[in-house]
Each structure stands twice: as structure tokens, then as C-alpha cells.
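Read through the structure below, which is laid out as C-alpha cells, and then see the notes.
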Amino acid sequence: MEANVIRAGNYNVYFNEEGTDFINRIVAEKRPSKLFLLVDSHTNEKCLPVFLPTLITDIPIEIIEIEAGELHKNLDTCTQVWHALSELGADRKSLLINVGGGVVTDLGGFVASTYMRGVPFINVPTSLLAMVDASVGGKTGVDLGPLKNLVGVINNPLGVVIDSQYLGTLPAEELRSGMAEMFKHGLIRSEAYWNKMCDLRSLSLADLDSLIHESVVIKNEVVMQDPKECGLRKILNYGHTLGHAIESYCLENPNRQCLLHGEAIAIGIVLATYLSVKKLGFPKDKCDEVKSVLGEYFSKQTFHKEDIEDICELMRFDKKNVAGRVHFVLLEQIGKPKTDCVVPEEEIYEAFEYYSASHTGR
């Protein structure tokens with residue numbers, strides 16, 4: 001595999017054994033007053049027994065557990081964690097290590113960034129989605145009601161540790177959720193990477209390690225050129241304008257099954273790719289390929305007219321909007337995205353029709 005360290009601005013992303021060495025080195029050098037491990041109910045059971053034996057320290061360790069899932073990525077959970085830190089004696093010399101998926105690393109990073117106006121933290125993403133999406137960029141935050149990531153700050157950790165052994169603790173749907181972001185990275189940046197992802201079923205675990213590394217490199221290259229998301233970094237939102245709205249809609253609607261982030265983004269990618277055909281002349285055969293490939297991994301969802309109306313309304317809260325206008329990231333071709341595209345609502349309905357139509361496959 002490629003080099004086991006990626007430089008991401010003022011911190012590094014470490015892979016596998018390099019990550020274990022990094023954490024123990026930081027703890028030995030900084031001698032924090034106390035170590036706090038933030039986990040959710042899943043990673044407490046499945047990942048902590050793997051992580052704890054790798055820590056070599058005599059510094060007191062406290063474990064804070066939150067409920068698993070996007071429903072708990074909110075300010076109420078932050079308040080619980082802030083109270084726990086206070087009651088357990090956390091100070092500005094403490095170190096918070098977030099061990100979990102994107103909910104844990106996003107929320108934990110936000111908690112650390114705001115507790116006592118900032119304590120240092122390390123992220124140990126344990127889901128594929130968090131490894132390839134939340135590992136670089138410094139975005140921390142929580143949802144406000146059904147609205148995704150509306151409250152947060154950009155603040156970098158001391159480092160990020162990616163260890164693929166944690167992927168063995170994940171159910172299949174969580175692995176697929178992470179793949180959606182990897183597919184996206186190929187579409188916005190590299191046709192060669194997209195083609196590798198298309199042949200995912202024939203790859204080994206070692207190949208997956210390499211694909212994870214390459215996905216992090218792709219995202220990091222974008223973030224390093226635009227750390228504050230003023231221009232280029234917006235391309236990382238491909239599929240997310242509608243995808244986030246779909247995720248929020250399913251989250252707040254008791255009659256809908258909640259979708260994992262990647263499941264919603266996969267739908268958003270198909271919709272955005274169809275809109276790319278309509279607005280920018282993206283090749284229709286490639287659009288069909290995108291729909292077919294993602295259809296192999298993600299089950300089709302049903303959307304009625306009233307569902308789409310509500311989803312369009314939720315899009316109006318998207319962070320990329322300007323002066324009340326919804327802005328999309330679309331593709332001219334694979335690896336050539338265009339930001340700030342405005343799409344008429346009737347074409348969004350057309351995109352849902354395209355998504356819903358049956359497809360015979362590749």
C-alpha cells in the first residue's frame with residue numbers, strides 16, 4: 001500500500017500500525033491530565049476491546065458513551081457529553097479521543113472544540129464512511145432538528161487514525177454507506193478511481209485498503225486547496241444537495257424508513273448525475289452506468305409527488321444556497337465538476353422519475 005501517513009494541513013492521517021504509534025507518542029509527549037474516550041453503544045462493545053489494549057499509558061482513562069445513530073447527533077447529546085466531561089474533571093490539558101463513526105467524530109470534535117473554549121482531540125474513525133469522508137477537512141458539528149450539520153465549526157484534530165481492522169465490526173449496510181462517498185470521489189476527481197470502484201466486488205481486502213487510502217488522498221487534495229470551502233471544496237458536495245434533503249426527510253418522517261447517510265447520498269448522486277445530463281451535457285450512457293453501478297449496492301426507494309415536494313422544501317436550508325437560491329454541484333464529465341449550478345424544480349421532478357424507472361443493469 002502507499003505511504004501510511006497523509007499530511008492534511010497541520011495534522012496527519014495515519015493508517016493501521018502507524019496510527020497506534022502516533023497515539024502512544026502523543027500521549028507520552030503531551031502527558032494529558034486525563035484521557036477521555038468518546039464512544040457510542042456500538043463502538044463501546046465492538047471497537048473499544050480492540051482499541052484499549054493498544055494504549056500504553058498510566059494516565060487515567062474515562063469512557064463516555066452516547067447512543068448510536070444520526071438521531072442522537074444533536075445539541076442534547078453535546079450537552080450530555082459536556083456535563084460528563086465537567087463531572088469527570090476534564091480540563092484544558094485533557095485529551096479527547098473519539099472512537100466511532102461519523103456521528104462520534106463529528107460530535108466529539110465539536111464538543112472538544114467548544115468545551116472550555118477548546119481541548120485537543122484525536123479521531124479514530126471506525127466506519128468506512130468516517131474513514132473516507134470525516135477523516136480530513138476539520139468539519140465538526142451536529143444536526144439542528146432534521147437539518148444536517150447546521151451547527152458546527154471547522155477545527156482540526158491532533159491527528160486521525162484509520163485502521164481497517166475496525167471494518168470487520170460493521171454490518172454490510174454500514175460498509176455500503178461508506179462506499180457512496182468513495183464512488184463520489186471518483187466521479188468528481190478521477191475516472192480511473194471510478195473504474196476501480198466499479199469492479200469493487202472482485203477486489204481483495206488489501207485492495208480495499210488501497211482504495212480507502214486513495215479516497216482520503218482525493219478528498220485531502222481538494223480540502224488543502226480550499227480549507228474554508230470558498231470555492232473548489234464545494235465539489236465534495238456532489239450528490240449532497242438532494243442527498244442531505246432526502247436523509248433529513250426520512251429522519252423526520254415517521255412513515256419513512258431512516259436512511260444511512262451513504263444510502264441517501266447514493267440517491268442524491270444518481271439524481272445529480274441525471275441533472276448533469278440535462279444542464280451540462282454529461283454523457284447519458286455514463287449516467288446510466290452510474291445508476292446501474294449504485295443500484296447494485298443500494299436498494300431503490302420510492303418517492304411520491306408529496307415526498308418530492310417536502311424534499312425540495314428541505315433543500316432550501318442547504319448551506320451552499322445563496323440569496324435563497326439552491327445551488328447544485330453537477331458534472332460536465334467524470335472528473336470535471338461545476339459548482340453553483342441552478343436547477344429548475346421541474347427538472348428535479350424529472351430526475352426523480354429517472355431514478356424511479358427500472359434499469360436493466362450494465
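Just so we're on the same page: first chain in the C-alpha cells is A, next is B, and so on; residues restart at 1 for each chain, and ligands are numbered from 1 in the order they show up.
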Cut-off 9 Å: closest range 103-136 of chain A/range 37-51 of chain A atom pairs per residue, using only C-alpha atoms, as JSON lines:
{"residue": "A:Val103", "atom": "CA", "partner": "A:Asp40", "partner_atom": "CA", "distance": 8.8}
{"residue": "A:Val104", "atom": "CA", "partner": "A:Val39", "partner_atom": "CA", "distance": 6.6}
{"residue": "A:Thr105", "atom": "CA", "partner": "A:Leu38", "partner_atom": "CA", "distance": 8.7}
{"residue": "A:Gly108", "atom": "CA", "partner": "A:Leu38", "partner_atom": "CA", "distance": 6.9}
{"residue": "A:Thr126", "atom": "CA", "partner": "A:Cys47", "partner_atom": "CA", "distance": 7.6}
DSSP helix (DSSP H, G or I) residues within range 229-271 of chain A, as an NGL selection string: :A and (232-237 or 240-252 or 261-271)
Go ahead and dump the residues you just picked, N, CA and C atoms, as a CSV table (one decimal), in the first residue's frame.
chain,number,residue,atom,x,y,z
A,232,LEU,N,-13.4,25.6,-4.6
A,232,LEU,CA,-13.2,24.2,-5.1
A,232,LEU,C,-13.8,23.1,-4.1
A,233,ARG,N,-13.7,23.4,-2.8
A,233,ARG,CA,-14.1,22.3,-1.9
A,233,ARG,C,-15.6,22.0,-2.0
A,234,LYS,N,-16.4,23.0,-2.6
A,234,LYS,CA,-17.8,22.7,-2.8
A,234,LYS,C,-18.1,21.5,-3.6
A,235,ILE,N,-17.1,21.0,-4.5
A,235,ILE,CA,-17.3,19.9,-5.3
A,235,ILE,C,-17.5,18.6,-4.5
A,236,LEU,N,-17.0,18.6,-3.2
A,236,LEU,CA,-17.2,17.5,-2.4
A,236,LEU,C,-18.7,17.3,-2.0
A,237,ASN,N,-19.5,18.3,-2.3
A,237,ASN,CA,-21.0,18.2,-2.0
A,237,ASN,C,-21.7,17.6,-3.2
A,240,HIS,N,-25.0,15.7,-2.6
A,240,HIS,CA,-25.4,16.0,-1.2
A,240,HIS,C,-26.5,17.0,-1.1
A,241,THR,N,-26.7,17.9,-2.1
A,241,THR,CA,-27.8,18.8,-2.0
A,241,THR,C,-29.2,18.1,-1.9
A,242,LEU,N,-29.4,17.2,-2.8
A,242,LEU,CA,-30.7,16.4,-2.7
A,242,LEU,C,-30.5,15.3,-1.7
A,243,GLY,N,-29.2,14.7,-1.6
A,243,GLY,CA,-29.0,13.6,-0.7
A,243,GLY,C,-29.3,14.0,0.8
A,244,HIS,N,-28.8,15.1,1.2
A,244,HIS,CA,-29.0,15.6,2.6
A,244,HIS,C,-30.5,15.9,2.8
A,245,ALA,N,-31.2,16.4,1.8
A,245,ALA,CA,-32.6,16.7,2.0
A,245,ALA,C,-33.4,15.4,2.1
A,246,ILE,N,-33.0,14.4,1.3
A,246,ILE,CA,-33.6,13.1,1.4
A,246,ILE,C,-33.4,12.5,2.8
A,247,GLU,N,-32.1,12.5,3.2
A,247,GLU,CA,-31.8,12.0,4.6
A,247,GLU,C,-32.6,12.7,5.7
A,248,SER,N,-32.7,14.0,5.6
A,248,SER,CA,-33.4,14.8,6.6
A,248,SER,C,-34.9,14.4,6.5
A,249,TYR,N,-35.4,14.3,5.3
A,249,TYR,CA,-36.9,14.0,5.2
A,249,TYR,C,-37.2,12.6,5.8
A,250,CYS,N,-36.4,11.7,5.5
A,250,CYS,CA,-36.6,10.3,6.1
A,250,CYS,C,-36.4,10.3,7.6
A,251,LEU,N,-35.5,11.1,8.1
A,251,LEU,CA,-35.3,11.2,9.5
A,251,LEU,C,-36.5,11.8,10.3
A,252,GLU,N,-37.1,12.8,9.7
A,252,GLU,CA,-38.2,13.4,10.4
A,252,GLU,C,-39.6,12.9,10.1
A,261,HIS,N,-26.5,7.7,6.0
A,261,HIS,CA,-26.0,8.9,5.2
A,261,HIS,C,-25.7,8.4,3.7
A,262,GLY,N,-24.9,7.4,3.6
A,262,GLY,CA,-24.4,6.9,2.3
A,262,GLY,C,-25.6,6.5,1.4
A,263,GLU,N,-26.6,5.9,2.0
A,263,GLU,CA,-27.8,5.4,1.3
A,263,GLU,C,-28.5,6.6,0.6
A,264,ALA,N,-28.6,7.7,1.4
A,264,ALA,CA,-29.3,8.9,0.9
A,264,ALA,C,-28.4,9.6,-0.1
A,265,ILE,N,-27.1,9.6,0.1
A,265,ILE,CA,-26.1,10.3,-0.8
A,265,ILE,C,-26.1,9.5,-2.2
A,266,ALA,N,-26.2,8.2,-2.1
A,266,ALA,CA,-26.2,7.4,-3.3
A,266,ALA,C,-27.4,7.8,-4.2
A,267,ILE,N,-28.6,8.0,-3.6
A,267,ILE,CA,-29.7,8.5,-4.4
A,267,ILE,C,-29.4,9.9,-4.9
A,268,GLY,N,-28.9,10.8,-4.1
A,268,GLY,CA,-28.5,12.1,-4.5
A,268,GLY,C,-27.5,12.1,-5.7
A,269,ILE,N,-26.6,11.2,-5.7
A,269,ILE,CA,-25.6,11.1,-6.8
A,269,ILE,C,-26.3,10.7,-8.1
A,270,VAL,N,-27.3,9.8,-8.0
A,270,VAL,CA,-28.0,9.4,-9.3
A,270,VAL,C,-28.8,10.6,-9.8
A,271,LEU,N,-29.5,11.3,-8.8
A,271,LEU,CA,-30.3,12.5,-9.2
A,271,LEU,C,-29.4,13.6,-9.8
Mind checking which residues fall within 10 Å of Arg31 in chain A, counting only C-alpha atoms, ignoring those fewer than 6 positions away in the same chain, and posting them as JSON, numbers by chain? {"A": [25, 57, 58, 59, 93, 94, 95]}
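Distances from A:Ile334, A:Val217, A:Leu35, A:Cys312 to Thr273 in chain A were compared using only C-alpha atoms, and the smallest one belongs to A:Ile334.
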Spatial neighbours of range 170-182 of chain A, 8 Å, only C-alpha atoms, chain gap at least 5 places, as a PyMOL selection string: chain A and resi 127-130+132-133+197+212+215+260-263+265-266+294+297-298
Just how far from CA of Ala8 in chain A is CA of His213 in chain A, in Å to one decimal?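 These two atoms are separated by 12.9 Å.
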